[in-house]
Each structure stands twice: as C-alpha cells, then as structure tokens.
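A.B. asks: Contents of protein-v2.cif (mmCIF, C-alpha atoms and all ligand atoms) are below:
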```
data_model
#
loop_
_atom_site.label_atom_id
_atom_site.label_comp_id
_atom_site.auth_asym_id
_atom_site.auth_seq_id
_atom_site.Cartn_x
_atom_site.Cartn_y
_atom_site.Cartn_z
CA MET A 685 -76.79 -79.37 -159.76
CA ASP A 686 -76.13 -77.30 -156.64
CA TYR A 687 -78.43 -74.53 -157.87
CA ILE A 688 -77.38 -71.96 -155.28
CA LYS A 689 -73.92 -71.83 -156.93
CA ASN A 690 -75.60 -70.00 -159.82
CA TYR A 691 -76.07 -67.04 -157.46
CA SER A 692 -72.42 -66.94 -156.40
CA LEU A 693 -70.26 -63.94 -157.40
CA GLU A 694 -67.04 -65.61 -156.25
CA GLY A 695 -64.01 -64.29 -158.13
CA LYS A 696 -65.95 -61.50 -159.81
CA VAL A 697 -64.99 -57.78 -159.71
CA ALA A 698 -68.03 -55.59 -159.15
CA TRP A 699 -67.87 -51.79 -159.62
CA ILE A 700 -70.82 -50.00 -158.06
CA THR A 701 -70.64 -46.31 -158.92
CA GLY A 702 -71.41 -43.68 -156.26
CA ALA A 703 -71.62 -46.34 -153.54
CA SER A 704 -70.21 -44.64 -150.43
CA TYR A 705 -73.69 -44.96 -148.90
CA GLY A 706 -77.34 -45.36 -149.86
CA ILE A 707 -78.62 -47.88 -152.37
CA GLY A 708 -75.19 -48.39 -153.94
CA PHE A 709 -73.65 -49.29 -150.59
CA SER A 710 -76.37 -51.86 -149.88
CA ILE A 711 -76.01 -53.42 -153.32
CA ALA A 712 -72.22 -53.58 -152.87
CA LYS A 713 -72.65 -55.21 -149.43
CA ALA A 714 -74.93 -57.88 -150.86
CA MET A 715 -72.55 -58.55 -153.74
CA ALA A 716 -69.62 -58.82 -151.32
CA GLU A 717 -71.59 -61.37 -149.29
CA ALA A 718 -72.10 -63.28 -152.55
CA GLY A 719 -68.31 -63.36 -153.03
CA ALA A 720 -67.53 -60.37 -155.27
CA LYS A 721 -64.55 -58.03 -154.92
CA ILE A 722 -66.04 -54.56 -154.43
CA VAL A 723 -64.97 -51.40 -156.23
CA PHE A 724 -66.72 -48.06 -155.62
CA ASN A 725 -66.12 -44.39 -156.35
CA ASP A 726 -67.17 -40.98 -155.15
CA ILE A 727 -66.39 -37.44 -156.27
CA ARG A 728 -64.29 -36.43 -153.23
CA GLN A 729 -61.45 -38.21 -151.41
CA GLU A 730 -63.01 -37.62 -148.00
CA LEU A 731 -66.18 -39.38 -149.15
CA VAL A 732 -64.18 -42.29 -150.57
CA ASP A 733 -62.32 -42.54 -147.24
CA LYS A 734 -65.62 -42.43 -145.36
CA GLY A 735 -67.09 -45.04 -147.65
CA ARG A 736 -64.06 -47.34 -147.28
CA ALA A 737 -64.38 -47.10 -143.49
CA ALA A 738 -68.08 -47.95 -143.73
CA TYR A 739 -67.26 -51.04 -145.79
CA GLU A 740 -64.52 -52.04 -143.36
CA ALA A 741 -67.05 -51.79 -140.53
CA GLU A 742 -69.02 -54.44 -142.43
CA GLY A 743 -65.90 -56.59 -142.87
CA ILE A 744 -65.56 -55.67 -146.55
CA GLN A 745 -62.20 -54.60 -148.05
CA ALA A 746 -63.61 -52.32 -150.76
CA HIS A 747 -61.43 -50.58 -153.37
CA GLY A 748 -62.37 -46.90 -153.51
CA TYR A 749 -61.53 -44.40 -156.25
CA VAL A 750 -62.10 -40.67 -156.61
CA CYS A 751 -63.99 -40.32 -159.87
CA ASP A 752 -66.72 -38.06 -161.19
CA VAL A 753 -68.67 -40.41 -163.45
CA THR A 754 -69.59 -37.55 -165.81
CA ASP A 755 -65.90 -37.01 -166.65
CA GLU A 756 -65.00 -39.42 -169.46
CA ASN A 757 -61.23 -39.05 -169.02
CA ALA A 758 -61.50 -39.63 -165.27
CA VAL A 759 -63.63 -42.72 -165.93
CA LYS A 760 -61.10 -44.11 -168.42
CA GLU A 761 -58.27 -43.53 -165.93
CA THR A 762 -60.29 -45.19 -163.16
CA VAL A 763 -61.03 -48.26 -165.32
CA ALA A 764 -57.29 -48.58 -166.07
CA ALA A 765 -56.48 -48.30 -162.36
CA ILE A 766 -59.15 -50.88 -161.43
CA GLU A 767 -57.86 -53.32 -164.06
CA LYS A 768 -54.29 -52.88 -162.78
CA GLU A 769 -55.05 -52.98 -159.05
CA VAL A 770 -58.14 -55.21 -158.76
CA GLY A 771 -58.89 -56.87 -162.08
CA THR A 772 -61.19 -56.53 -165.11
CA VAL A 773 -64.68 -55.28 -164.22
CA ASP A 774 -67.09 -58.24 -164.49
CA ILE A 775 -70.12 -56.47 -163.01
CA LEU A 776 -70.94 -52.79 -163.43
CA VAL A 777 -73.74 -51.17 -161.43
CA ASN A 778 -74.50 -47.66 -162.71
CA ASN A 779 -75.87 -46.40 -159.40
CA ALA A 780 -74.50 -42.85 -159.04
CA GLY A 781 -77.32 -40.38 -159.46
CA ILE A 782 -78.76 -37.04 -158.45
CA ILE A 783 -82.21 -35.46 -158.43
CA LYS A 784 -83.28 -31.82 -158.47
CA ARG A 785 -86.92 -31.27 -157.49
CA ILE A 786 -87.83 -28.02 -159.28
CA PRO A 787 -91.04 -27.14 -161.20
CA MET A 788 -90.07 -27.49 -164.86
CA ILE A 789 -90.83 -23.93 -165.90
CA GLU A 790 -88.68 -22.67 -163.01
CA MET A 791 -85.78 -25.03 -163.75
CA SER A 792 -82.69 -23.67 -165.47
CA ALA A 793 -81.34 -25.46 -168.51
CA ALA A 794 -78.08 -25.87 -166.58
CA ASP A 795 -79.87 -27.71 -163.77
CA PHE A 796 -81.72 -29.89 -166.28
CA ARG A 797 -78.46 -30.70 -168.08
CA GLN A 798 -76.68 -31.58 -164.82
CA VAL A 799 -79.29 -34.20 -163.92
CA ILE A 800 -79.17 -35.67 -167.44
CA ASP A 801 -75.36 -35.64 -167.25
CA VAL A 802 -75.14 -37.67 -164.04
CA ASP A 803 -78.19 -39.91 -164.43
CA LEU A 804 -78.01 -40.71 -168.16
CA ASN A 805 -74.77 -39.56 -169.81
CA ALA A 806 -72.61 -41.07 -167.05
CA PRO A 807 -74.08 -44.59 -167.36
CA PHE A 808 -73.29 -44.34 -171.09
CA ILE A 809 -69.72 -43.17 -170.36
CA VAL A 810 -68.99 -45.83 -167.73
CA SER A 811 -70.64 -48.68 -169.68
CA LYS A 812 -68.69 -47.69 -172.81
CA ALA A 813 -65.48 -47.80 -170.77
CA VAL A 814 -65.98 -51.33 -169.40
CA ILE A 815 -67.68 -53.16 -172.31
CA PRO A 816 -64.53 -53.74 -174.46
CA ALA A 817 -62.80 -55.69 -171.67
CA MET A 818 -66.04 -57.58 -170.95
CA ILE A 819 -66.13 -58.61 -174.63
CA GLN A 820 -62.50 -59.73 -174.46
CA LYS A 821 -63.20 -61.70 -171.29
CA GLY A 822 -66.21 -63.49 -172.78
CA GLY A 823 -69.01 -61.63 -171.07
CA GLY A 824 -70.16 -59.39 -168.26
CA LYS A 825 -73.10 -57.89 -166.40
CA ILE A 826 -74.33 -54.29 -166.44
CA ILE A 827 -77.07 -53.19 -164.05
CA ASN A 828 -78.53 -49.69 -164.44
CA ILE A 829 -80.36 -48.23 -161.46
CA CYS A 830 -83.48 -46.88 -163.07
CA SER A 831 -86.57 -45.67 -161.19
CA MET A 832 -90.33 -45.63 -161.08
CA MET A 833 -89.72 -42.38 -162.94
CA SER A 834 -88.55 -44.54 -165.84
CA GLU A 835 -92.32 -45.16 -166.20
CA PHE A 836 -94.14 -42.31 -164.43
CA GLY A 837 -93.91 -38.55 -164.13
CA ARG A 838 -94.76 -36.31 -161.25
CA GLU A 839 -94.47 -32.64 -160.37
CA THR A 840 -90.93 -31.18 -160.07
CA VAL A 841 -88.94 -34.17 -161.39
CA SER A 842 -88.93 -33.51 -165.18
CA ALA A 843 -85.14 -33.81 -165.58
CA TYR A 844 -84.93 -36.91 -163.40
CA ALA A 845 -87.82 -38.66 -165.19
CA ALA A 846 -86.34 -37.78 -168.59
CA ALA A 847 -82.98 -39.19 -167.50
CA LYS A 848 -84.39 -42.36 -165.95
CA GLY A 849 -86.69 -42.93 -168.93
CA GLY A 850 -83.67 -42.63 -171.18
CA LEU A 851 -81.71 -44.96 -168.90
CA LYS A 852 -84.40 -47.62 -169.38
CA MET A 853 -83.91 -47.40 -173.15
CA LEU A 854 -80.10 -47.26 -172.86
CA THR A 855 -80.41 -50.49 -170.85
CA ARG A 856 -82.41 -52.12 -173.62
CA ASN A 857 -80.02 -50.88 -176.28
CA ILE A 858 -76.90 -52.18 -174.55
CA ALA A 859 -78.71 -55.51 -174.15
CA SER A 860 -79.53 -55.48 -177.88
CA GLU A 861 -76.09 -54.39 -179.12
CA TYR A 862 -73.87 -56.53 -176.86
CA GLY A 863 -75.98 -59.55 -175.99
CA GLU A 864 -74.09 -61.57 -178.62
CA TYR A 865 -70.93 -61.12 -176.53
CA ASN A 866 -72.58 -62.71 -173.50
CA ILE A 867 -73.10 -59.33 -171.86
CA GLN A 868 -76.41 -59.00 -170.06
CA CYS A 869 -77.62 -55.47 -169.35
CA ASN A 870 -80.66 -55.06 -167.12
CA GLY A 871 -82.14 -52.37 -164.91
CA ILE A 872 -83.36 -52.29 -161.36
CA GLY A 873 -86.26 -49.89 -160.77
CA PRO A 874 -86.47 -49.16 -157.05
CA GLY A 875 -89.74 -47.81 -155.70
CA TYR A 876 -89.54 -45.24 -152.92
CA ILE A 877 -86.51 -46.12 -150.80
CA ALA A 878 -85.48 -44.47 -147.51
CA THR A 879 -82.10 -42.95 -148.35
CA PRO A 880 -80.58 -39.43 -148.19
CA GLN A 881 -82.00 -38.79 -151.67
CA THR A 882 -85.58 -39.10 -150.44
CA ALA A 883 -85.04 -37.67 -146.96
CA PRO A 884 -86.77 -34.36 -147.90
CA LEU A 885 -89.94 -36.36 -148.77
CA ARG A 886 -90.04 -37.94 -145.31
CA GLU A 887 -89.24 -34.92 -143.13
CA LYS A 888 -91.52 -34.44 -140.12
CA GLN A 889 -93.79 -31.42 -140.40
CA PRO A 890 -93.50 -28.45 -137.95
CA ASP A 891 -96.49 -29.88 -136.00
CA GLY A 892 -94.69 -33.24 -135.73
CA SER A 893 -96.94 -34.96 -138.26
CA ARG A 894 -95.59 -37.08 -141.07
CA HIS A 895 -94.76 -35.43 -144.42
CA PRO A 896 -97.82 -35.60 -146.73
CA PHE A 897 -95.71 -37.30 -149.38
CA ASP A 898 -94.59 -39.89 -146.83
CA GLN A 899 -98.24 -40.63 -146.04
CA PHE A 900 -99.04 -40.73 -149.76
CA ILE A 901 -96.32 -43.27 -150.57
CA VAL A 902 -97.21 -45.52 -147.63
CA SER A 903 -100.90 -45.48 -148.68
CA LYS A 904 -99.92 -46.30 -152.27
CA THR A 905 -97.63 -49.20 -151.36
CA PRO A 906 -99.22 -52.60 -150.60
CA ALA A 907 -96.26 -53.33 -148.32
CA GLY A 908 -97.38 -50.27 -146.32
CA ARG A 909 -93.82 -49.00 -145.96
CA TRP A 910 -90.94 -47.26 -147.73
CA GLY A 911 -88.34 -49.59 -149.18
CA GLU A 912 -85.03 -50.05 -147.44
CA ALA A 913 -81.77 -49.94 -149.43
CA SER A 914 -81.21 -53.53 -148.28
CA ASP A 915 -84.34 -54.60 -150.20
CA LEU A 916 -82.33 -54.11 -153.40
CA GLY A 917 -79.43 -56.42 -152.54
CA GLY A 918 -81.06 -59.71 -153.52
CA PRO A 919 -82.37 -58.52 -156.91
CA ALA A 920 -78.96 -57.01 -157.65
CA VAL A 921 -77.11 -60.24 -156.82
CA PHE A 922 -79.55 -62.16 -159.05
CA LEU A 923 -78.95 -59.82 -162.02
CA ALA A 924 -75.17 -59.91 -161.40
CA SER A 925 -75.02 -63.73 -161.27
CA ALA A 926 -75.11 -66.68 -163.68
CA ALA A 927 -78.69 -67.28 -162.49
CA SER A 928 -79.77 -64.44 -164.83
CA ASP A 929 -77.64 -65.32 -167.89
CA PHE A 930 -80.75 -65.47 -170.10
CA VAL A 931 -82.31 -62.31 -168.63
CA ASN A 932 -81.44 -59.32 -170.81
CA GLY A 933 -82.91 -55.87 -171.42
CA GLN A 934 -85.33 -56.12 -168.51
CA ILE A 935 -86.16 -53.60 -165.81
CA LEU A 936 -86.77 -55.41 -162.52
CA TYR A 937 -89.00 -53.20 -160.36
CA VAL A 938 -88.39 -53.50 -156.64
CA ASP A 939 -91.22 -51.27 -155.46
CA GLY A 940 -93.24 -53.16 -152.84
CA GLY A 941 -96.11 -53.40 -155.36
CA ILE A 942 -96.74 -49.66 -155.68
CA GLN A 943 -97.14 -49.89 -159.47
CA ALA A 944 -99.78 -52.63 -159.10
CA TYR A 945 -101.96 -50.89 -156.52
CA ILE A 946 -104.62 -48.18 -156.81
CA GLY A 947 -103.86 -47.13 -153.24
CA LYS A 948 -105.59 -47.31 -149.88
CA GLN A 949 -108.69 -45.20 -149.33
CA PRO A 950 -107.69 -42.24 -147.13
CA SER A 951 -109.00 -42.78 -143.57
P1 LIG B 1001 -78.03 -40.90 -152.72
O1 LIG B 1001 -78.23 -41.36 -151.33
O2 LIG B 1001 -78.22 -39.48 -153.09
O3 LIG B 1001 -76.59 -41.40 -153.26
C1 LIG B 1001 -76.22 -41.07 -154.56
C2 LIG B 1001 -74.75 -41.44 -154.70
O4 LIG B 1001 -74.32 -41.07 -156.01
C3 LIG B 1001 -73.87 -40.71 -153.71
O5 LIG B 1001 -72.87 -41.57 -153.22
C4 LIG B 1001 -73.26 -39.61 -154.57
O6 LIG B 1001 -72.00 -39.20 -154.12
C5 LIG B 1001 -73.10 -40.34 -155.87
N1 LIG B 1001 -72.89 -39.40 -156.98
C6 LIG B 1001 -73.69 -38.38 -157.36
N2 LIG B 1001 -73.15 -37.76 -158.43
C7 LIG B 1001 -71.98 -38.38 -158.71
C8 LIG B 1001 -70.96 -38.20 -159.69
N3 LIG B 1001 -71.04 -37.24 -160.61
N4 LIG B 1001 -69.91 -39.05 -159.70
C9 LIG B 1001 -69.81 -40.03 -158.76
N5 LIG B 1001 -70.73 -40.26 -157.80
C10 LIG B 1001 -71.81 -39.44 -157.78
O7 LIG B 1001 -79.03 -41.70 -153.66
P2 LIG B 1001 -79.70 -43.13 -153.50
O8 LIG B 1001 -81.08 -42.97 -152.98
O9 LIG B 1001 -78.76 -44.09 -152.83
O10 LIG B 1001 -79.85 -43.50 -155.05
C11 LIG B 1001 -78.88 -44.26 -155.73
C12 LIG B 1001 -79.44 -44.50 -157.12
O11 LIG B 1001 -80.75 -45.05 -157.02
C13 LIG B 1001 -79.61 -43.19 -157.92
O12 LIG B 1001 -79.33 -43.46 -159.28
C14 LIG B 1001 -81.09 -42.87 -157.76
O13 LIG B 1001 -81.58 -42.08 -158.83
C15 LIG B 1001 -81.67 -44.24 -157.75
N6 LIG B 1001 -83.00 -44.38 -157.15
C16 LIG B 1001 -83.21 -43.99 -155.85
C17 LIG B 1001 -84.48 -44.20 -155.30
C18 LIG B 1001 -84.83 -43.81 -153.88
O14 LIG B 1001 -86.03 -43.81 -153.55
N7 LIG B 1001 -83.87 -43.48 -153.04
C19 LIG B 1001 -85.49 -44.79 -156.05
C20 LIG B 1001 -85.23 -45.13 -157.38
C21 LIG B 1001 -83.97 -44.94 -157.90
P3 LIG B 1001 -71.88 -37.81 -153.27
O15 LIG B 1001 -72.14 -38.20 -151.87
O16 LIG B 1001 -70.48 -37.35 -153.51
O17 LIG B 1001 -72.90 -36.85 -153.81
C1 LIG B 1002 -89.23 -38.32 -156.07
C2 LIG B 1002 -88.34 -39.44 -155.60
C3 LIG B 1002 -88.32 -40.55 -156.62
C4 LIG B 1002 -87.45 -41.65 -156.13
C5 LIG B 1002 -87.43 -42.78 -157.08
C6 LIG B 1002 -88.75 -43.43 -157.28
O1 LIG B 1002 -88.89 -37.16 -155.82
O2 LIG B 1002 -90.26 -38.65 -156.66
O3 LIG B 1002 -87.03 -38.98 -155.36
O4 LIG B 1002 -87.86 -40.05 -157.83
O5 LIG B 1002 -86.16 -41.22 -155.96
O6 LIG B 1002 -86.81 -42.44 -158.26
O7 LIG B 1002 -88.54 -44.64 -157.98
#
```
Could you rewrite the structure in this file as structure tokens?
Ligand code: NAP
Ligand code: GCO

C.D. replies:
Amino acid sequence: MDYIKNYSLEGKVAWITGASYGIGFSIAKAMAEAGAKIVFNDIRQELVDKGRAAYEAEGIQAHGYVCDVTDENAVKETVAAIEKEVGTVDILVNNAGIIKRIPMIEMSAADFRQVIDVDLNAPFIVSKAVIPAMIQKGGGKIINICSMMSEFGRETVSAYAAAKGGLKMLTRNIASEYGEYNIQCNGIGPGYIATPQTAPLREKQPDGSRHPFDQFIVSKTPAGRWGEASDLGGPAVFLASAASDFVNGQILYVDGGIQAYIGKQPS
C-alpha cells in the first residue's frame, strides 16, 4: 500500500474557522498542500478580503465567508452557502478564538461570557451545524483547537482556561456520540505559539530586554523556542486524514515538550 496516500486530503472540503491569519491560516495552508479545498471565515468583510489575498499569495484559492461563529443563524446560513458553492464540509477545524487576560476578580461577567461564547459555545454551534451532513455522507473529521490551558491554569486567563477545558470535554463527547457514524473528533493543543494572540507576551521591555514571560516560556520549553503556527500544519493534516481514522477523542499536544519538562535552571 502506498501509505502516504492515507495522508492525502484530495477532494475534501476543509472549513477552518477564523483563519484569515495566525494558527488557522497555517493549518489551512497545510491542508491545501495536502489537497483540500479551503473554506475560511472572519467577522468582517475587509478581513475576509485580506485573508483571501493572503491565501492567493500562497497560490491557494480559498473560499471566504463573513460569519461570526457565535451567531447560530449566521453559521447555519454559512454552512448552506458552503454546501451550495463549494461542497459538503468534510473537515471542520474549530480554530476561531479569543483571549482576555484579566485577573479573575477584576473581570466582568460580560467579558467572561464573551470568551466562553467564542471559545466554547461557537465550536458547539459550528460542529452541530456540520455533523448532520457528515453523517449523511458517511463520515467526517472535526478538529478543535484546544490549548495547554485545557490542562493548566495561570494568572489572568480564568475564562480562557474554563473555555478550553470545556472544549477538551466537548471534543471527547462529540467523539463518543458520533463515532458510530465514522466521525472522528480530536483536539490539537498548541503550546505557546508566536501569533498576534500571544504578541503581548513577547513584547520587548522599555530597556530592550525580552519580556519576562517570553524568557519564562523559552526556559520551560525543551525546544528552547516559541512554536511557530507552521508547526501545527502536520498534526492537523494527520488528524484530518484517513491516517487517523481510528484516532478519536484525543487531544494531540503540539507544545515542544513544555508539559514534559520541569524547566531550565535560571542562569
Ligand atoms: P489570533 O491570531 O488571535 O486569531 C484568532 C482568529 O479567530 C482571528 O482570525 C479572529 O478574527 C478569529 N475570530 C475571533 N473571534 C471570532 C468570531 N466570533 N467569529 C469568527 N472568527 C473569530 O489567534 P491564534 O493564536 O491564531 O489562535 C487560533 C486558535 O488557537 C485560538 O482558538 C486560540 O485560542 C488557539 N491557541 C493559540 C495558541 C497560541 O499560543 N497562539 C496556543 C494554544 C491555542 P478577527 O481577526 O476578526 O478577530
Ligand atoms: C496565555 C497564552 C496561552 C496560549 C495558549 C497556550 O496568555 O497564557 O495566550 O493561553 O494562548 O493557549 O497553550
């Protein structure tokens, strides 16, 4: 058997939510290189246009839609449009996400709810919208972008950790409830990745030194570096492909070994 064919996404329609840039863009790029047709969305037309141009610059004809993933009606309309214009969604990557770094006792309930809405409720809404057609088609793949905060807490990220912890269990429940329909639902848990979301944690200090958190993460990571969004492409293609048809309900951590390591002694 030509084993590499198991990793091909030829003929598949992959919807990566919130993928105008960042991790979602890199995952979409890798899936396109594996043969998938790429669908992405963003909350504003100008960002969709910008994202489409970025894909074109990579030689990818991506289908972009304006859609706020927290809006169930908008998601249903977008799924109908995708099915009409591109085809049934074979692969869903619930990537869209936000973070608000606020000490819990200073955080408003509205801020907490907004993070839960985007990072947990939206993956429920979008998965619920695509599963029926996946069942009809004989199967599908759902990949939820979890986080190290699916396992750990830290100061100021209570809403985000609660959402990502819940997303880990939503992943396992979709795997449990729809595995019999040949739908595999798994998570990817990135470590600390250099994207706009973590830019504040890597900002240079007024004296030109590196951000203390930047130094902390590098000392805690055996790889001795932040992850790049491109580090997530291969794991995502694996979980989207036939090569992972018997992998279900798992969270694949792509963290450079940070969760295995006690950390380097400060110099
Ligand atoms: P990012 O650079 O902030 O990108 C997030 C994307 O989600 C943006 O395109 C954003 O669109 C989109 N988005 C936000 N809310 C949305 C909504 N309501 N509807 C549609 N799209 C929405 O973040 P990232 O670092 O690439 O992270 C992507 C995913 O990986 C997130 O789920 C994040 O929690 C997770 N993650 C990141 C890291 C890391 O270290 N970076 C580590 C672990 C997990 P706009 O531009 O319109 O806001
Ligand atoms: C933070 C970071 C993390 C990363 C990621 C780690 O403030 O601690 O933003 O939450 O985004 O989720 O896996």

A.B. asks: With 8 Å as the threshold, what does the neighbourhood of (-73.1, -57.0, -161.6) contain in terms of residues, counting all atoms listed in the file? Coordinates are those of the file; answer as a list in words.

C.D. replies: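 Taken together, the residues in range are Ala698, Trp699, Asp774, Ile775, Leu776, Val777, Gly824, Lys825, Ile826, Ile827, Ala920, Val921, Leu923, Ala924 and Ser925 of chain A.
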
A.B. asks: Between CA of Pro890 in chain A and CA of Pro906 in chain A, what distance in Å does the model show, to one decimal?

C.D. replies: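 These two atoms are separated by 27.9 Å.
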
A.B. asks: Between A:Ser692, A:Ser903, A:Ser842, A:Asn725, which one has atoms that come closest to Val759 in chain A, using only C-alpha atoms?

C.D. replies: A:Asn725

A.B. asks: With distances taken over only C-alpha atoms and all ligand atoms, which of A:Ala794, A:Val750, A:Ile786, A:Ile935 is nearest to ligand LIG 1001 (chain B)?

C.D. replies: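 The closest residue to ligand LIG 1001 (chain B) is A:Val750.
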
A.B. asks: Mind pulling up the distance from CA of Val763 in chain A to CA of Gly873 in chain A?

C.D. replies: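 Separating CA of Gly873 in chain A from CA of Val763 in chain A is a distance of 25.7 Å.
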
A.B. asks: May I ask you to restore N, CA and C atoms in range 799-817 of chain A and write the result as a short mmCIF file (atom, residue, chain, number, x, y, z; two decimals), in the coordinates of the input?

C.D. replies:
```cif
data_model
loop_
_atom_site.label_atom_id
_atom_site.label_comp_id
_atom_site.auth_asym_id
_atom_site.auth_seq_id
_atom_site.Cartn_x
_atom_site.Cartn_y
_atom_site.Cartn_z
N VAL A 799 -78.62 -32.93 -164.28
CA VAL A 799 -79.29 -34.20 -163.92
C VAL A 799 -79.13 -35.22 -165.05
N ILE A 800 -79.34 -34.77 -166.29
CA ILE A 800 -79.17 -35.67 -167.44
C ILE A 800 -77.72 -36.18 -167.49
N ASP A 801 -76.78 -35.29 -167.16
CA ASP A 801 -75.36 -35.64 -167.25
C ASP A 801 -75.01 -36.79 -166.28
N VAL A 802 -75.48 -36.66 -165.04
CA VAL A 802 -75.14 -37.67 -164.04
C VAL A 802 -75.98 -38.94 -164.23
N ASP A 803 -77.28 -38.76 -164.47
CA ASP A 803 -78.19 -39.91 -164.43
C ASP A 803 -78.30 -40.66 -165.75
N LEU A 804 -77.90 -40.02 -166.87
CA LEU A 804 -78.01 -40.71 -168.16
C LEU A 804 -76.68 -40.73 -168.92
N ASN A 805 -76.03 -39.58 -169.05
CA ASN A 805 -74.77 -39.56 -169.81
C ASN A 805 -73.70 -40.40 -169.11
N ALA A 806 -73.66 -40.32 -167.78
CA ALA A 806 -72.61 -41.07 -167.05
C ALA A 806 -72.76 -42.58 -167.21
N PRO A 807 -73.96 -43.16 -167.08
CA PRO A 807 -74.08 -44.59 -167.36
C PRO A 807 -73.61 -44.98 -168.76
N PHE A 808 -73.83 -44.09 -169.74
CA PHE A 808 -73.29 -44.34 -171.09
C PHE A 808 -71.76 -44.35 -171.04
N ILE A 809 -71.18 -43.32 -170.41
CA ILE A 809 -69.72 -43.17 -170.36
C ILE A 809 -69.07 -44.37 -169.66
N VAL A 810 -69.62 -44.76 -168.51
CA VAL A 810 -68.99 -45.83 -167.73
C VAL A 810 -69.20 -47.19 -168.42
N SER A 811 -70.40 -47.41 -168.96
CA SER A 811 -70.64 -48.68 -169.68
C SER A 811 -69.72 -48.79 -170.88
N LYS A 812 -69.57 -47.70 -171.63
CA LYS A 812 -68.69 -47.69 -172.81
C LYS A 812 -67.25 -48.00 -172.41
N ALA A 813 -66.86 -47.59 -171.22
CA ALA A 813 -65.48 -47.80 -170.77
C ALA A 813 -65.20 -49.24 -170.36
N VAL A 814 -66.23 -49.97 -169.90
CA VAL A 814 -65.98 -51.33 -169.40
C VAL A 814 -66.36 -52.42 -170.41
N ILE A 815 -67.20 -52.11 -171.38
CA ILE A 815 -67.68 -53.16 -172.31
C ILE A 815 -66.55 -53.82 -173.12
N PRO A 816 -65.58 -53.07 -173.66
CA PRO A 816 -64.53 -53.74 -174.46
C PRO A 816 -63.82 -54.86 -173.70
N ALA A 817 -63.48 -54.63 -172.44
CA ALA A 817 -62.80 -55.69 -171.67
C ALA A 817 -63.76 -56.83 -171.36
#
```
